[in-house]
$ cat run-v1.cif   # mmCIF, C-alpha atoms and all ligand atoms
data_entry
loop_
_atom_site.label_atom_id
_atom_site.label_comp_id
_atom_site.auth_asym_id
_atom_site.auth_seq_id
_atom_site.Cartn_x
_atom_site.Cartn_y
_atom_site.Cartn_z
CA MET R 29 27.43 -36.49 -24.92
CA THR R 30 24.90 -39.11 -25.94
CA SER R 31 21.56 -39.61 -24.28
CA THR R 32 22.73 -43.07 -23.23
CA ALA R 33 25.46 -41.43 -21.16
CA HIS R 34 22.84 -39.06 -19.73
CA ASP R 35 20.57 -41.95 -18.81
CA GLU R 36 23.42 -43.68 -17.04
CA LEU R 37 24.77 -40.63 -15.29
CA ARG R 38 21.80 -38.51 -14.29
CA ASP R 39 21.11 -40.60 -11.21
CA LEU R 40 24.53 -39.63 -9.92
CA SER R 41 23.59 -35.96 -9.46
CA GLY R 42 22.34 -36.52 -5.91
CA LEU R 43 25.47 -38.39 -4.91
CA TYR R 44 27.59 -35.82 -6.70
CA VAL R 45 26.26 -32.87 -4.70
CA LEU R 46 26.56 -34.96 -1.52
CA GLY R 47 30.21 -35.59 -2.39
CA ALA R 48 29.62 -39.35 -2.40
CA LEU R 49 31.20 -40.14 -5.77
CA THR R 50 34.65 -41.58 -6.23
CA ALA R 51 37.25 -39.40 -7.92
CA ASP R 52 36.82 -41.27 -11.21
CA GLU R 53 33.05 -41.09 -11.12
CA ARG R 54 33.21 -37.41 -10.24
CA ALA R 55 35.49 -36.75 -13.21
CA THR R 56 33.15 -38.67 -15.53
CA PHE R 57 30.10 -36.90 -14.18
CA GLU R 58 31.70 -33.47 -14.39
CA GLU R 59 32.73 -34.19 -17.97
CA HIS R 60 29.09 -35.04 -18.71
CA LEU R 61 27.88 -31.94 -16.86
CA ARG R 62 29.71 -29.65 -19.29
CA SER R 63 27.46 -30.75 -22.12
CA CYS R 64 24.22 -31.61 -20.34
CA ALA R 65 21.91 -28.74 -19.46
CA GLU R 66 19.45 -31.06 -17.73
CA CYS R 67 22.00 -32.43 -15.27
CA LYS R 68 23.42 -28.94 -14.74
CA ALA R 69 19.96 -27.65 -13.80
CA GLU R 70 19.51 -30.61 -11.44
CA ILE R 71 22.80 -29.81 -9.69
CA VAL R 72 21.89 -26.14 -9.38
CA SER R 73 18.51 -27.02 -7.87
CA LEU R 74 20.11 -29.35 -5.33
CA GLY R 75 22.91 -26.94 -4.42
CA PRO R 76 21.16 -24.87 -1.70
CA VAL R 77 19.73 -27.96 -0.06
CA VAL R 78 23.09 -29.62 0.15
CA GLY R 79 24.66 -26.46 1.51
CA ALA R 80 22.08 -26.50 4.27
CA LEU R 81 22.63 -30.22 4.84
CA ALA R 82 26.35 -29.66 5.26
CA LEU R 83 25.62 -27.13 8.00
CA ALA R 84 22.88 -29.18 9.60
CA VAL R 85 24.54 -32.54 10.07
CA PRO R 86 28.01 -33.83 10.87
CA ARG R 87 29.60 -35.32 7.81
CA LEU R 88 29.21 -39.09 7.75
CA GLU R 89 31.22 -41.49 5.69
CA ALA R 90 28.78 -43.35 3.46
CA PRO R 91 29.13 -47.14 3.49
CA ALA R 92 31.09 -48.43 0.53
CA ASP R 93 28.07 -50.13 -1.03
CA LEU R 94 25.72 -47.18 -0.62
CA ARG R 95 26.15 -45.89 -4.13
CA PRO R 96 25.22 -49.04 -6.05
CA ARG R 97 22.38 -49.79 -3.68
CA LEU R 98 21.06 -46.27 -3.83
CA LEU R 99 21.35 -46.21 -7.59
CA SER R 100 19.49 -49.47 -7.97
CA GLN R 101 16.81 -48.18 -5.58
CA VAL R 102 16.44 -44.94 -7.51
CA SER R 103 16.60 -46.30 -11.04
CA GLY R 104 15.07 -49.69 -10.42
CA ARG R 105 18.02 -51.17 -12.27
CA ALA R 106 20.69 -53.50 -11.06
CA PRO R 107 23.90 -51.72 -10.13
CA SER R 108 25.73 -50.75 -13.32
CA ALA R 109 28.72 -52.78 -14.33
CA THR R 110 30.72 -49.56 -14.80
CA ILE R 111 30.49 -48.94 -11.07
CA PRO R 112 32.37 -51.66 -9.20
CA VAL R 113 30.44 -53.14 -6.32
CA GLU R 114 31.97 -54.67 -3.25
CA ARG R 115 29.98 -57.41 -1.62
CA PRO R 116 30.19 -57.14 2.11
CA ASP R 117 27.84 -58.90 4.53
CA PRO R 118 24.43 -57.67 3.28
CA ALA R 119 22.61 -58.00 6.62
CA VAL R 120 25.00 -55.74 8.55
CA ARG R 121 25.57 -53.22 5.75
CA TRP R 122 21.93 -52.80 4.79
CA ALA R 123 21.02 -51.65 8.30
CA ASP R 124 23.66 -48.93 8.03
CA VAL R 125 22.47 -47.90 4.60
CA ALA R 126 18.81 -47.83 5.56
CA GLY R 127 19.50 -45.68 8.61
CA TRP R 128 21.72 -43.32 6.67
CA LEU R 129 19.19 -43.01 3.88
CA ALA R 130 16.29 -42.42 6.26
CA ALA R 131 18.20 -39.69 8.09
CA ALA R 132 19.30 -38.04 4.85
CA ALA R 133 15.78 -38.19 3.43
CA ALA R 134 14.26 -36.72 6.59
CA ILE R 135 16.77 -33.89 6.64
CA PHE R 136 16.34 -33.32 2.91
CA VAL R 137 12.56 -33.03 3.29
CA ALA R 138 12.92 -30.79 6.36
CA VAL R 139 15.33 -28.47 4.56
CA VAL R 140 13.16 -28.30 1.45
CA LEU R 141 10.07 -27.55 3.54
CA ALA R 142 11.95 -24.92 5.56
CA GLY R 143 13.07 -23.21 2.37
CA TYR R 144 9.56 -23.39 0.98
CA SER R 145 8.04 -21.94 4.13
CA VAL R 146 10.54 -19.06 4.14
CA ARG R 147 9.69 -18.26 0.51
CA LEU R 148 5.98 -18.52 1.26
CA ARG R 149 6.28 -16.19 4.26
CA ASP R 150 8.23 -13.64 2.18
CA ARG R 151 5.56 -13.82 -0.48
CA VAL R 152 2.73 -13.33 2.04
CA THR R 153 4.58 -10.37 3.58
CA ARG R 154 5.05 -8.84 0.14
CA LEU R 155 1.40 -9.36 -0.79
CA GLU R 156 0.24 -7.87 2.52
CA GLY R 157 2.37 -4.80 1.80
CA GLN R 158 0.83 -4.49 -1.66
CA LEU R 159 -2.67 -4.87 -0.23
CA THR R 160 -2.06 -2.12 2.34
CA GLU R 161 -0.71 0.16 -0.38
CA MET R 162 -3.68 -0.50 -2.67
CA THR R 163 -6.18 -0.01 0.15
CA LEU R 164 -4.52 3.30 0.97
CA GLN R 165 -4.73 4.37 -2.68
CA ALA R 166 -8.40 3.39 -2.84
CA VAL R 167 -9.17 5.43 0.30
CA MET R 168 -7.28 8.43 -1.12
CA ALA R 169 -9.10 8.12 -4.44
CA ASP R 170 -12.44 8.02 -2.58
CA ARG R 171 -11.47 11.11 -0.63
CA GLN R 172 -10.52 12.94 -3.84
CA VAL R 173 -13.83 12.02 -5.46
CA THR R 174 -15.71 13.32 -2.40
CA GLU R 175 -13.68 16.54 -2.52
CA ILE R 176 -14.32 16.98 -6.25
CA ARG R 177 -18.06 16.35 -5.77
CA ARG R 178 -18.16 18.88 -2.95
CA THR R 179 -16.33 21.48 -5.04
CA ALA R 180 -18.60 20.81 -8.01
CA ALA R 181 -21.72 21.09 -5.83
CA GLU R 182 -20.39 24.32 -4.37
CA ALA R 183 -19.65 25.75 -7.82
CA ARG R 184 -23.13 24.74 -9.01
CA SER R 185 -24.76 26.37 -6.02
CA THR R 186 -22.61 29.53 -6.32
CA LEU R 187 -23.51 29.77 -9.99
CA GLY R 188 -27.17 29.11 -9.16
CA ILE R 189 -27.21 31.96 -6.65
CA LEU R 190 -25.37 34.41 -8.92
CA ALA R 191 -27.79 33.63 -11.77
CA ALA R 192 -30.90 33.95 -9.58
CA PRO R 193 -33.57 36.36 -10.92
CA ASP R 194 -34.09 37.76 -7.41
CA LEU R 195 -30.37 38.42 -6.79
CA ALA R 196 -29.52 41.35 -4.50
CA ARG R 197 -26.06 42.69 -3.85
CA VAL R 198 -24.68 44.11 -0.60
CA GLU R 199 -21.31 45.88 -0.48
CA LEU R 200 -19.69 45.77 2.97
CA ALA R 201 -17.04 48.29 3.99
CA GLY R 202 -14.23 47.83 6.51
CA GLN R 203 -14.81 49.52 9.86
CA LYS R 204 -12.39 51.26 12.26
CA VAL R 205 -10.79 47.97 13.44
CA ALA R 206 -10.22 46.82 9.83
CA PRO R 207 -10.26 49.83 7.49
CA ARG R 208 -8.79 47.92 4.51
CA ALA R 209 -11.30 45.04 4.65
CA ARG R 210 -13.91 44.79 1.89
CA ALA R 211 -16.71 42.30 1.27
CA ARG R 212 -19.61 41.54 -1.05
CA ALA R 213 -22.72 39.49 -0.43
CA PHE R 214 -24.97 38.19 -3.19
CA TRP R 215 -28.30 37.06 -1.81
CA SER R 216 -31.21 35.25 -3.41
CA ARG R 217 -34.17 34.49 -1.17
CA ALA R 218 -34.80 31.35 -3.22
CA ARG R 219 -31.21 30.10 -3.57
CA GLY R 220 -29.04 31.42 -0.73
CA LEU R 221 -26.09 33.68 -0.04
CA VAL R 222 -22.63 33.97 -1.60
CA PHE R 223 -20.20 35.94 0.56
CA THR R 224 -16.66 37.06 -0.36
CA ALA R 225 -14.28 39.17 1.71
CA THR R 226 -10.69 40.41 1.37
CA ASP R 227 -8.08 41.91 3.71
CA LEU R 228 -9.64 40.70 6.93
CA PRO R 229 -7.11 40.78 9.83
CA PRO R 230 -5.92 37.36 11.05
CA LEU R 231 -8.19 35.88 13.71
CA PRO R 232 -6.94 36.18 17.32
CA ALA R 233 -6.78 32.83 19.16
CA GLY R 234 -10.19 31.60 20.33
CA LYS R 235 -12.07 34.00 18.03
CA VAL R 236 -14.07 33.70 14.82
CA TYR R 237 -15.77 36.09 12.40
CA GLN R 238 -19.56 35.88 12.41
CA LEU R 239 -21.79 37.10 9.57
CA TRP R 240 -25.10 38.71 10.45
CA VAL R 241 -28.14 39.39 8.30
CA VAL R 242 -29.71 42.37 10.04
CA THR R 243 -33.52 42.48 9.75
CA ARG R 244 -35.98 44.95 11.23
CA GLN R 245 -36.66 42.50 14.02
CA ALA R 246 -33.07 41.41 14.93
CA PRO R 247 -29.68 40.41 13.56
CA ILE R 248 -29.80 36.77 12.42
CA SER R 249 -26.57 34.74 12.33
CA ALA R 250 -25.75 33.61 8.78
CA GLY R 251 -22.69 31.60 9.80
CA LEU R 252 -19.11 31.59 11.07
CA LEU R 253 -16.25 32.70 8.82
CA THR R 254 -12.53 31.87 8.99
CA PRO R 255 -10.30 33.75 6.52
CA ASP R 256 -7.34 32.08 4.81
CA THR R 257 -3.79 33.28 5.48
CA ALA R 258 -4.27 36.07 2.92
CA GLY R 259 -7.31 37.36 4.83
CA GLN R 260 -9.77 36.13 2.18
CA ILE R 261 -13.09 34.38 2.59
CA THR R 262 -15.42 32.80 0.07
CA ALA R 263 -18.50 31.14 1.53
CA VAL R 264 -21.77 29.77 0.17
CA ILE R 265 -24.46 29.96 2.82
CA GLU R 266 -27.96 28.51 2.82
CA THR R 267 -30.55 30.93 4.08
CA PRO R 268 -34.11 30.07 5.12
CA PRO R 269 -36.71 31.00 2.46
CA ASP R 270 -38.73 32.89 5.08
CA LEU R 271 -35.75 35.11 6.02
CA PRO R 272 -37.06 38.68 6.47
CA SER R 273 -35.58 41.15 3.98
CA PRO R 274 -32.22 42.40 5.33
CA ILE R 275 -31.77 46.05 6.07
CA ALA R 276 -28.02 45.50 6.54
CA MET R 277 -25.29 42.88 6.78
CA ALA R 278 -22.39 42.90 9.20
CA VAL R 279 -19.37 40.87 10.26
CA THR R 280 -18.31 40.93 13.92
CA LEU R 281 -15.48 39.28 15.86
CA GLU R 282 -16.92 36.74 18.29
CA PRO R 283 -15.76 33.90 20.58
CA ALA R 284 -15.01 30.65 18.72
CA GLY R 285 -18.22 28.71 18.20
CA GLY R 286 -20.22 31.87 17.62
CA VAL R 287 -22.91 33.62 19.64
CA PRO R 288 -26.71 33.96 19.23
CA ALA R 289 -26.52 37.77 19.03
CA PRO R 290 -23.57 40.03 18.11
CA THR R 291 -21.31 41.07 21.00
CA GLY R 292 -17.93 41.98 19.43
CA ASP R 293 -16.45 44.74 17.29
CA LYS R 294 -17.96 45.29 13.84
CA TYR R 295 -15.33 44.60 11.12
CA LEU R 296 -17.56 44.93 8.04
CA VAL R 297 -20.91 46.66 7.57
CA GLY R 298 -23.05 47.20 4.46
CA VAL R 299 -26.59 47.96 3.32
CA PRO R 300 -28.42 46.52 0.31
CA ALA R 301 -28.02 48.45 -2.93
CA ALA R 302 -31.78 48.68 -3.56
CA GLY R 303 -35.00 46.79 -3.85
CA LEU R 304 -34.87 44.49 -0.80
ZN ZN S 1 22.80 -35.43 -18.22
#
$ encode --input "run-v1.cif" --output "structure tokens" --more "lines below"
Ligand SMILES: [Zn+2]
Amino acid sequence: MTSTAHDELRDLSGLYVLGALTADERATFEEHLRSCAECKAEIVSLGPVVGALALAVPRLEAPADLRPRLLSQVSGRAPSATIPVERPDPAVRWADVAGWLAAAAAIFVAVVLAGYSVRLRDRVTRLEGQLTEMTLQAVMADRQVTEIRRTAAEARSTLGILAAPDLARVELAGQKVAPRARARAFWSRARGLVFTATDLPPLPAGKVYQLWVVTRQAPISAGLLTPDTAGQITAVIETPPDLPSPIAMAVTLEPAGGVPAPTGDKYLVGVPAAGL
């Protein structure tokens, strides 16, 4: 198909999708369509709009002279000689045409805008979903970094305590209520206390284990301990530098939240190996 044919026929695409061509013109246009990608794309792009138009408005019979007038309006050319033009009373007919065109144009614009707004809303919804997902990932990444920092700080401080020149070790033995329990405390006056325990019985509801550093003056609470499901505890505990030298360490079962002085059964008791 030559480009001359394309130039003559491309303006028909609108009328074609509106079903406003005569049978002959439709045949000619469809013949051209087979070989013209540009016109084919135009038809495809108009398809959804026309489908919506067909649903939105009752089908009107276009005035007989609509096509040539529309074509001359669109192309700025006089109606083509290949399309026969009837010449009815221009004053009466033009009013019909103008009204029909205005209505069609208004509906066309409304349908295009409606389609655009639907696509825009879908896009916004999709982007909002992506934003939520990314925010969630950022929060989770932050949390992981915090967790890693905490673990690293804990490992550093554990290592610091275990490498302390003034390190003392206390072995704690299970008592009557927990004969299988064992624990070790590593204490540095300068760096703090590392405490590990195994085989502690599960905590009864509303109770907690409490670790005591027993000095000549009084037992001093070193903190509350909750074993994991295997009955194990690993804790790194800061101790005040002016803590009096312990003569013993003990773990008792106390009400949740802890108590200022031991009240419950002793589960673990031990005395320093030497030198404290
Ligand atoms: Zn074409």
$ atom_distance --input "run-v1.cif" --atom1 "atom CA of Ser145 of chain R" --atom2 "atom CA of Ala69 of chain R"
22.3 Å
$ residues_near_ligand --input "run-v1.cif" --ligand "ligand ZN 1 (chain S)" --cutoff "7 Å" --atoms "all atoms listed in the file" --output "VMD selection string"
chain R and resid 34 to 35 37 to 38 60 to 61 64 to 67
$ atom_distance --input "run-v1.cif" --atom1 "atom CA of Ala250 of chain R" --atom2 "atom CA of Leu221 of chain R"
8.8 Å
$ closest_residue --input "run-v1.cif" --among "R:Ala218, R:Leu239, R:Leu43, R:Leu200" --to "Leu252 of chain R" --atoms "all atoms listed in the file"
R:Leu239
$ atom_distance --input "run-v1.cif" --atom1 "atom CA of Ala131 of chain R" --atom2 "atom CA of Ala48 of chain R"
15.5 Å
$ residues_near_point --input "run-v1.cif" --point "(-19.8, 38.6, -0.6)" --cutoff "7 Å" --atoms "only C-alpha atoms" --output "ChimeraX atom specification"
/R:211-214,222-225
$ decode --input "run-v1.cif" --residues "segment 249-283 of chain R" --atoms "N, CA, C and O atoms" --output "PDB file, in the first residue's frame"
ATOM      1  N   SER R 249      21.981  -8.073  95.284  1.00  0.00           N
ATOM      2  CA  SER R 249      21.385  -8.618  94.049  1.00  0.00           C
ATOM      3  C   SER R 249      22.268  -8.264  92.851  1.00  0.00           C
ATOM      4  O   SER R 249      22.638  -7.093  92.661  1.00  0.00           O
ATOM      5  N   ALA R 250      22.610  -9.286  92.051  1.00  0.00           N
ATOM      6  CA  ALA R 250      23.381  -9.044  90.827  1.00  0.00           C
ATOM      7  C   ALA R 250      22.483  -9.087  89.599  1.00  0.00           C
ATOM      8  O   ALA R 250      22.934  -8.829  88.484  1.00  0.00           O
ATOM      9  N   GLY R 251      21.215  -9.428  89.778  1.00  0.00           N
ATOM     10  CA  GLY R 251      20.308  -9.400  88.624  1.00  0.00           C
ATOM     11  C   GLY R 251      19.353 -10.578  88.608  1.00  0.00           C
ATOM     12  O   GLY R 251      19.494 -11.534  89.368  1.00  0.00           O
ATOM     13  N   LEU R 252      18.355 -10.465  87.699  1.00  0.00           N
ATOM     14  CA  LEU R 252      17.324 -11.504  87.545  1.00  0.00           C
ATOM     15  C   LEU R 252      17.691 -12.383  86.359  1.00  0.00           C
ATOM     16  O   LEU R 252      18.189 -11.894  85.348  1.00  0.00           O
ATOM     17  N   LEU R 253      17.411 -13.674  86.489  1.00  0.00           N
ATOM     18  CA  LEU R 253      17.823 -14.633  85.453  1.00  0.00           C
ATOM     19  C   LEU R 253      16.618 -15.458  85.005  1.00  0.00           C
ATOM     20  O   LEU R 253      15.865 -15.961  85.826  1.00  0.00           O
ATOM     21  N   THR R 254      16.455 -15.596  83.680  1.00  0.00           N
ATOM     22  CA  THR R 254      15.395 -16.451  83.139  1.00  0.00           C
ATOM     23  C   THR R 254      16.055 -17.484  82.228  1.00  0.00           C
ATOM     24  O   THR R 254      16.673 -17.106  81.221  1.00  0.00           O
ATOM     25  N   PRO R 255      15.983 -18.773  82.564  1.00  0.00           N
ATOM     26  CA  PRO R 255      16.626 -19.783  81.721  1.00  0.00           C
ATOM     27  C   PRO R 255      15.858 -19.989  80.416  1.00  0.00           C
ATOM     28  O   PRO R 255      14.664 -19.693  80.341  1.00  0.00           O
ATOM     29  N   ASP R 256      16.550 -20.495  79.393  1.00  0.00           N
ATOM     30  CA  ASP R 256      15.848 -20.863  78.157  1.00  0.00           C
ATOM     31  C   ASP R 256      15.142 -22.202  78.373  1.00  0.00           C
ATOM     32  O   ASP R 256      15.172 -22.757  79.474  1.00  0.00           O
ATOM     33  N   THR R 257      14.516 -22.726  77.333  1.00  0.00           N
ATOM     34  CA  THR R 257      13.705 -23.936  77.500  1.00  0.00           C
ATOM     35  C   THR R 257      14.559 -25.144  77.881  1.00  0.00           C
ATOM     36  O   THR R 257      14.056 -26.120  78.416  1.00  0.00           O
ATOM     37  N   ALA R 258      15.880 -25.056  77.611  1.00  0.00           N
ATOM     38  CA  ALA R 258      16.769 -26.156  77.973  1.00  0.00           C
ATOM     39  C   ALA R 258      17.299 -25.991  79.394  1.00  0.00           C
ATOM     40  O   ALA R 258      18.112 -26.801  79.849  1.00  0.00           O
ATOM     41  N   GLY R 259      16.874 -24.925  80.081  1.00  0.00           N
ATOM     42  CA  GLY R 259      17.339 -24.708  81.449  1.00  0.00           C
ATOM     43  C   GLY R 259      18.691 -24.024  81.524  1.00  0.00           C
ATOM     44  O   GLY R 259      19.364 -24.067  82.549  1.00  0.00           O
ATOM     45  N   GLN R 260      19.097 -23.364  80.394  1.00  0.00           N
ATOM     46  CA  GLN R 260      20.415 -22.725  80.368  1.00  0.00           C
ATOM     47  C   GLN R 260      20.303 -21.213  80.488  1.00  0.00           C
ATOM     48  O   GLN R 260      19.335 -20.614  80.029  1.00  0.00           O
ATOM     49  N   ILE R 261      21.347 -20.644  81.083  1.00  0.00           N
ATOM     50  CA  ILE R 261      21.432 -19.181  81.206  1.00  0.00           C
ATOM     51  C   ILE R 261      22.848 -18.748  80.858  1.00  0.00           C
ATOM     52  O   ILE R 261      23.818 -19.372  81.296  1.00  0.00           O
ATOM     53  N   THR R 262      22.951 -17.700  80.060  1.00  0.00           N
ATOM     54  CA  THR R 262      24.225 -17.004  79.915  1.00  0.00           C
ATOM     55  C   THR R 262      23.926 -15.527  80.094  1.00  0.00           C
ATOM     56  O   THR R 262      23.069 -14.972  79.403  1.00  0.00           O
ATOM     57  N   ALA R 263      24.593 -14.889  81.027  1.00  0.00           N
ATOM     58  CA  ALA R 263      24.314 -13.480  81.301  1.00  0.00           C
ATOM     59  C   ALA R 263      25.619 -12.734  81.533  1.00  0.00           C
ATOM     60  O   ALA R 263      26.569 -13.293  82.095  1.00  0.00           O
ATOM     61  N   VAL R 264      25.654 -11.482  81.038  1.00  0.00           N
ATOM     62  CA  VAL R 264      26.788 -10.595  81.305  1.00  0.00           C
ATOM     63  C   VAL R 264      26.253  -9.481  82.189  1.00  0.00           C
ATOM     64  O   VAL R 264      25.291  -8.801  81.825  1.00  0.00           O
ATOM     65  N   ILE R 265      26.833  -9.331  83.354  1.00  0.00           N
ATOM     66  CA  ILE R 265      26.260  -8.433  84.358  1.00  0.00           C
ATOM     67  C   ILE R 265      27.297  -7.395  84.773  1.00  0.00           C
ATOM     68  O   ILE R 265      28.452  -7.743  85.069  1.00  0.00           O
ATOM     69  N   GLU R 266      26.882  -6.137  84.742  1.00  0.00           N
ATOM     70  CA  GLU R 266      27.778  -5.078  85.238  1.00  0.00           C
ATOM     71  C   GLU R 266      27.749  -5.093  86.762  1.00  0.00           C
ATOM     72  O   GLU R 266      26.681  -5.238  87.356  1.00  0.00           O
ATOM     73  N   THR R 267      28.889  -4.955  87.345  1.00  0.00           N
ATOM     74  CA  THR R 267      28.930  -4.863  88.814  1.00  0.00           C
ATOM     75  C   THR R 267      29.633  -3.576  89.196  1.00  0.00           C
ATOM     76  O   THR R 267      30.545  -3.128  88.494  1.00  0.00           O
ATOM     77  N   PRO R 268      29.200  -2.958  90.300  1.00  0.00           N
ATOM     78  CA  PRO R 268      29.841  -1.690  90.708  1.00  0.00           C
ATOM     79  C   PRO R 268      31.288  -1.936  91.104  1.00  0.00           C
ATOM     80  O   PRO R 268      31.604  -2.967  91.711  1.00  0.00           O
ATOM     81  N   PRO R 269      32.195  -0.992  90.743  1.00  0.00           N
ATOM     82  CA  PRO R 269      33.629  -1.178  91.034  1.00  0.00           C
ATOM     83  C   PRO R 269      33.911  -1.258  92.528  1.00  0.00           C
ATOM     84  O   PRO R 269      34.927  -1.819  92.934  1.00  0.00           O
ATOM     85  N   ASP R 270      32.991  -0.677  93.339  1.00  0.00           N
ATOM     86  CA  ASP R 270      33.239  -0.698  94.790  1.00  0.00           C
ATOM     87  C   ASP R 270      32.549  -1.880  95.470  1.00  0.00           C
ATOM     88  O   ASP R 270      32.343  -1.886  96.674  1.00  0.00           O
ATOM     89  N   LEU R 271      32.155  -2.899  94.645  1.00  0.00           N
ATOM     90  CA  LEU R 271      31.503  -4.083  95.221  1.00  0.00           C
ATOM     91  C   LEU R 271      32.467  -4.763  96.196  1.00  0.00           C
ATOM     92  O   LEU R 271      33.595  -5.084  95.817  1.00  0.00           O
ATOM     93  N   PRO R 272      32.033  -4.992  97.442  1.00  0.00           N
ATOM     94  CA  PRO R 272      32.911  -5.717  98.385  1.00  0.00           C
ATOM     95  C   PRO R 272      33.208  -7.119  97.860  1.00  0.00           C
ATOM     96  O   PRO R 272      32.393  -7.691  97.139  1.00  0.00           O
ATOM     97  N   SER R 273      34.367  -7.653  98.192  1.00  0.00           N
ATOM     98  CA  SER R 273      34.746  -8.975  97.703  1.00  0.00           C
ATOM     99  C   SER R 273      33.707 -10.006  98.144  1.00  0.00           C
ATOM    100  O   SER R 273      33.350 -10.073  99.316  1.00  0.00           O
ATOM    101  N   PRO R 274      33.190 -10.842  97.202  1.00  0.00           N
ATOM    102  CA  PRO R 274      32.189 -11.836  97.573  1.00  0.00           C
ATOM    103  C   PRO R 274      32.792 -12.964  98.399  1.00  0.00           C
ATOM    104  O   PRO R 274      33.923 -13.380  98.152  1.00  0.00           O
ATOM    105  N   ILE R 275      32.027 -13.420  99.357  1.00  0.00           N
ATOM    106  CA  ILE R 275      32.426 -14.628 100.065  1.00  0.00           C
ATOM    107  C   ILE R 275      31.652 -15.820  99.514  1.00  0.00           C
ATOM    108  O   ILE R 275      31.990 -16.964  99.755  1.00  0.00           O
ATOM    109  N   ALA R 276      30.597 -15.536  98.727  1.00  0.00           N
ATOM    110  CA  ALA R 276      29.822 -16.613  98.094  1.00  0.00           C
ATOM    111  C   ALA R 276      28.939 -16.000  97.013  1.00  0.00           C
ATOM    112  O   ALA R 276      28.766 -14.783  96.953  1.00  0.00           O
ATOM    113  N   MET R 277      28.407 -16.877  96.154  1.00  0.00           N
ATOM    114  CA  MET R 277      27.364 -16.461  95.207  1.00  0.00           C
ATOM    115  C   MET R 277      26.241 -17.471  95.299  1.00  0.00           C
ATOM    116  O   MET R 277      26.473 -18.655  95.573  1.00  0.00           O
ATOM    117  N   ALA R 278      25.024 -17.011  95.049  1.00  0.00           N
ATOM    118  CA  ALA R 278      23.872 -17.908  95.171  1.00  0.00           C
ATOM    119  C   ALA R 278      22.775 -17.506  94.192  1.00  0.00           C
ATOM    120  O   ALA R 278      22.693 -16.341  93.776  1.00  0.00           O
ATOM    121  N   VAL R 279      21.966 -18.486  93.822  1.00  0.00           N
ATOM    122  CA  VAL R 279      20.783 -18.219  92.996  1.00  0.00           C
ATOM    123  C   VAL R 279      19.570 -18.716  93.775  1.00  0.00           C
ATOM    124  O   VAL R 279      19.538 -19.871  94.213  1.00  0.00           O
ATOM    125  N   THR R 280      18.594 -17.853  93.953  1.00  0.00           N
ATOM    126  CA  THR R 280      17.363 -18.235  94.661  1.00  0.00           C
ATOM    127  C   THR R 280      16.168 -18.049  93.738  1.00  0.00           C
ATOM    128  O   THR R 280      16.253 -17.345  92.722  1.00  0.00           O
ATOM    129  N   LEU R 281      15.049 -18.691  94.090  1.00  0.00           N
ATOM    130  CA  LEU R 281      13.799 -18.519  93.343  1.00  0.00           C
ATOM    131  C   LEU R 281      12.981 -17.448  94.051  1.00  0.00           C
ATOM    132  O   LEU R 281      12.688 -17.564  95.243  1.00  0.00           O
ATOM    133  N   GLU R 282      12.638 -16.391  93.297  1.00  0.00           N
ATOM    134  CA  GLU R 282      11.961 -15.242  93.920  1.00  0.00           C
ATOM    135  C   GLU R 282      10.748 -14.830  93.093  1.00  0.00           C
ATOM    136  O   GLU R 282      10.608 -15.223  91.933  1.00  0.00           O
ATOM    137  N   PRO R 283       9.856 -14.005  93.689  1.00  0.00           N
ATOM    138  CA  PRO R 283       8.716 -13.489  92.916  1.00  0.00           C
ATOM    139  C   PRO R 283       9.220 -12.678  91.723  1.00  0.00           C
ATOM    140  O   PRO R 283      10.261 -12.019  91.807  1.00  0.00           O
TER     141      PRO R 283
END
